[in-house]
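J.: What follows is a structure written as structure tokens; I'll ask about it next.
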Amino acid sequence: MKISIKIAVVAFLTCFAGIGTLYAQGTTSFVFPQNPHANSYSWLQQNGFVLKNGASDSSQFKLFFSRDGLVVQAVKPALGLIVKDGLKINNFKKMTVKWGVGSYPGGANWDEGIHNEPIMIYVFFGDQRYSSNSMFIQNSPPFIGFYLGKRDKVGGCHTGRHFTKGGRYICVGNPPTEQTLTSEIDLAAEFKRAFGDTIPMPSFISGISIESDTSDLADTSLSSAFVKSIEITN
């Protein structure tokens, strides 16, 4: 269930473990180590990542590096977040993600109202907050969660149970397992498509988050997914 606010990705250049956040003219890149020997928990902590919900509990999620980058493996029904907020990426244009799925969780399908997925990348826009539709959940800047689904309609745009004004969820691919997909996403166009004229276009990206959510599924429905890199151009 989407009942928390999430925001995340990577940080600085490392030698042995791989590469972190890279800044170039007009580009912000988050690149995960592709070194199976690197300690993922230490690396994420050292590079300013916050693990929330089940992501910090190894009985719910296994986080490790492989030649595919960061692997997020759900070992029981759970929601896990890898969060990095406090960003300010101005004049954003395109996001390019290299990612994939090792195994899809059985039964997950946003088109059928089952709000689960092996991996989702959230982008948070600006700092104006909108209602969570719950007194128990903090309000949030507008966000779009881009996810991979086994059978979901690619391009399908969904509204969840909460954040009905400021939150949208969009399927961007149905890649075969163990294959790397490169997704190129026009962030401004997707924001306009998701929110129309109901929310003004913010001028900057304020956070990114990686999520895996199998929380509504059966105990036997496990999943794994990976992220190699995330690049935002402006």
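So you can find residues: chains in the structure tokens are A, B, ... in the order shown, residues in each start at 1, and ligands are numbered from 1 in order.
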Can you pull out every residue within 10 Å of Gly106 of chain A, counting only C-alpha atoms, but drop anything in the same chain fewer than 5 positions away, and send it as a list in words?
T.: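 Returned residues: Asn116, Glu117, Pro118, Lys150, Thr214, Leu217, Ala218, Thr220, Ser221, Leu222 and Ser223 of chain A.
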J.: DSSP says strand (DSSP E) for which residues of segment 4-149 of chain A? Put them as a ChimeraX atom specification?
T.: /A:21-24,27-31,50-53,61-66,69-74,79-90,94-103,117-125,143-148
J.: Of the candidates A:Phe191, A:Phe65, A:Phe143, A:Tyr104, which shows the shortest atom-to-atom distance to Asn174 of chain A, using only C-alpha atoms?
T.: A:Tyr104
J.: Determine the nearest neighbour of Lys76 of chain A from the options A:Thr177, A:Gln128, A:Ser29, A:Ser215, counting only C-alpha atoms.
T.: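 Checking each of A:Thr177, A:Gln128, A:Ser29, A:Ser215 against Lys76 of chain A, counting only C-alpha atoms, the winner is A:Ser215.
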J.: Compile the contact shell of Leu148 of chain A as a short mmCIF file (atom, residue, chain, number, x, y, z; two decimals) with N, CA and C atoms, in the first residue's frame: residues with an atom at most 8 Å away, counting only C-alpha atoms, same-chain residues fewer than 6 positions apart removed.
T.:
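Result file follows (selection-v8.cif):
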```cif
data_model
loop_
_atom_site.label_atom_id
_atom_site.label_comp_id
_atom_site.auth_asym_id
_atom_site.auth_seq_id
_atom_site.Cartn_x
_atom_site.Cartn_y
_atom_site.Cartn_z
N GLY A 100 15.70 -3.14 -14.35
CA GLY A 100 15.07 -4.37 -14.80
C GLY A 100 14.50 -5.16 -13.64
N VAL A 101 13.93 -6.31 -13.96
CA VAL A 101 13.26 -7.16 -12.98
C VAL A 101 13.86 -8.56 -13.03
N GLU A 117 4.23 -3.63 -6.96
CA GLU A 117 5.16 -3.66 -8.08
C GLU A 117 6.54 -4.09 -7.58
N PRO A 118 7.37 -4.68 -8.45
CA PRO A 118 8.72 -5.06 -8.02
C PRO A 118 9.64 -3.88 -7.81
N ILE A 119 9.39 -2.81 -8.59
CA ILE A 119 10.23 -1.62 -8.43
C ILE A 119 9.51 -0.40 -8.98
N MET A 120 9.68 0.72 -8.28
CA MET A 120 9.12 2.00 -8.70
C MET A 120 10.11 3.09 -8.34
N CYS A 171 3.06 3.17 -15.39
CA CYS A 171 3.85 2.02 -15.85
C CYS A 171 4.64 2.42 -17.08
N VAL A 172 5.95 2.18 -17.05
CA VAL A 172 6.80 2.56 -18.18
C VAL A 172 7.41 1.37 -18.90
N GLY A 173 7.09 0.13 -18.46
CA GLY A 173 7.64 -1.02 -19.17
C GLY A 173 7.22 -2.35 -18.59
N ASN A 174 7.27 -3.37 -19.46
CA ASN A 174 7.02 -4.77 -19.08
C ASN A 174 8.20 -5.62 -19.54
N PRO A 175 9.42 -5.32 -19.05
CA PRO A 175 10.58 -6.04 -19.59
C PRO A 175 10.58 -7.51 -19.19
#
```
J.: Distance atom CA of Thr96 of chain A-atom CA of Ile144 of chain A, one decimal place?
T.: 14.6 Å
J.: Using only C-alpha atoms, which protein or nucleic acid residues come within 10 Å of Met201 of chain A? Drop anything in the same chain fewer than 6 positions from it, and give the result as a list in words.
T.: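 What passes the distance filter is Phe125, Gly126, Pro142, Ala188, Phe191, Lys192 and Phe195 of chain A.
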J.: Just to confirm, what's the straight-line distance from atom CA of Thr28 of chain A to atom CA of His158 of chain A in Å (one decimal)?
T.: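 A separation of 27.4 Å between them.
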J.: Can you work out the spacing between atom CA of Gly155 of chain A and atom CA of Ile114 of chain A in Å, to one decimal?
T.: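 Between atom CA of Gly155 of chain A and atom CA of Ile114 of chain A the gap is 16.8 Å.
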J.: When you count only C-alpha atoms, which of these residues is closest to Leu81 of chain A: A:Asp57, A:Glu190, A:Asp68, A:Asp197?
T.: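 Using only C-alpha atoms, Leu81 of chain A sits closest to A:Asp57.
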J.: Of the candidates A:His162, A:Arg129, A:Lys153, A:Lys228, which shows the shortest atom-to-atom distance to Asn35 of chain A, using only C-alpha atoms?
T.: A:Lys228
J.: Taking 2 positions as the minimum chain separation for residues in the same chain, which residues sit within 8 Å of Gln60 of chain A when counting only C-alpha atoms? Answer as a list of chain:residue names.
T.: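 Contacts, in chain order: A:Gly54, A:Ala55, A:Asp57, A:Ser58, A:Lys62, A:Ala74, A:Val75, A:Lys76, A:Pro77, A:Ala78.
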J.: Keeping only N, CA and C atoms, write those residues as a PDB file, in the first residue's frame.
T.:
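After the write, part25.pdb holds the following:
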```pdb
ATOM      1  N   GLY A  54      10.367  -1.410   5.328  1.00  0.00           N
ATOM      2  CA  GLY A  54      11.029  -2.709   5.373  1.00  0.00           C
ATOM      3  C   GLY A  54      12.409  -2.750   4.770  1.00  0.00           C
ATOM      4  N   ALA A  55      12.842  -1.688   4.083  1.00  0.00           N
ATOM      5  CA  ALA A  55      14.151  -1.714   3.429  1.00  0.00           C
ATOM      6  C   ALA A  55      15.295  -1.886   4.404  1.00  0.00           C
ATOM      7  N   ASP A  57      15.182  -3.763   7.074  1.00  0.00           N
ATOM      8  CA  ASP A  57      15.002  -5.046   7.761  1.00  0.00           C
ATOM      9  C   ASP A  57      15.335  -6.180   6.806  1.00  0.00           C
ATOM     10  N   SER A  58      16.437  -6.871   7.055  1.00  0.00           N
ATOM     11  CA  SER A  58      16.879  -7.924   6.138  1.00  0.00           C
ATOM     12  C   SER A  58      15.946  -9.128   6.111  1.00  0.00           C
ATOM     13  N   LYS A  62      16.307  -7.914   0.944  1.00  0.00           N
ATOM     14  CA  LYS A  62      17.741  -8.054   0.773  1.00  0.00           C
ATOM     15  C   LYS A  62      18.192  -6.988  -0.214  1.00  0.00           C
ATOM     16  N   ALA A  74      12.563  -8.580  -2.440  1.00  0.00           N
ATOM     17  CA  ALA A  74      11.557  -8.756  -1.395  1.00  0.00           C
ATOM     18  C   ALA A  74      11.470 -10.231  -1.034  1.00  0.00           C
ATOM     19  N   VAL A  75      11.652 -10.548   0.246  1.00  0.00           N
ATOM     20  CA  VAL A  75      11.625 -11.951   0.678  1.00  0.00           C
ATOM     21  C   VAL A  75      10.353 -12.285   1.452  1.00  0.00           C
ATOM     22  N   LYS A  76       9.497 -11.279   1.644  1.00  0.00           N
ATOM     23  CA  LYS A  76       8.184 -11.476   2.246  1.00  0.00           C
ATOM     24  C   LYS A  76       7.324 -10.281   1.843  1.00  0.00           C
ATOM     25  N   PRO A  77       6.008 -10.342   2.019  1.00  0.00           N
ATOM     26  CA  PRO A  77       5.185  -9.183   1.679  1.00  0.00           C
ATOM     27  C   PRO A  77       5.601  -7.962   2.508  1.00  0.00           C
ATOM     28  N   ALA A  78       6.031  -6.902   1.836  1.00  0.00           N
ATOM     29  CA  ALA A  78       6.555  -5.736   2.546  1.00  0.00           C
ATOM     30  C   ALA A  78       6.668  -4.553   1.610  1.00  0.00           C
TER      31      ALA A  78
END
```
J.: Do a neighbour search on Ile210 of chain A at 10 Å with only C-alpha atoms, toss out local chain neighbours closer than 3 positions, and write the hits as an NGL selection string.
T.: :A and (6-9 or 51 or 72 or 80-84 or 119-123 or 145-147 or 227)
J.: Name all residues at most 10 Å from Thr159 of chain A (count only C-alpha atoms; drop same-chain ones fewer than 6 positions away) and give them as a PyMOL selection string.
T.: chain A and resi 110+115+144+165-170+194
J.: Could you check the closest approach to Leu181 of chain A for each of A:Phe64, A:Phe226, A:Phe204, A:Phe92 and tell me which residue wins, using only C-alpha atoms?
T.: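 Distance minimum relative to Leu181 of chain A lands on A:Phe226.
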J.: What parts of segment 12-212 of chain A does DSSP call helix (DSSP H, G or I)? I'd like the answer as a ChimeraX atom specification.
T.: /A:40-46,54-56,110-112,187-195
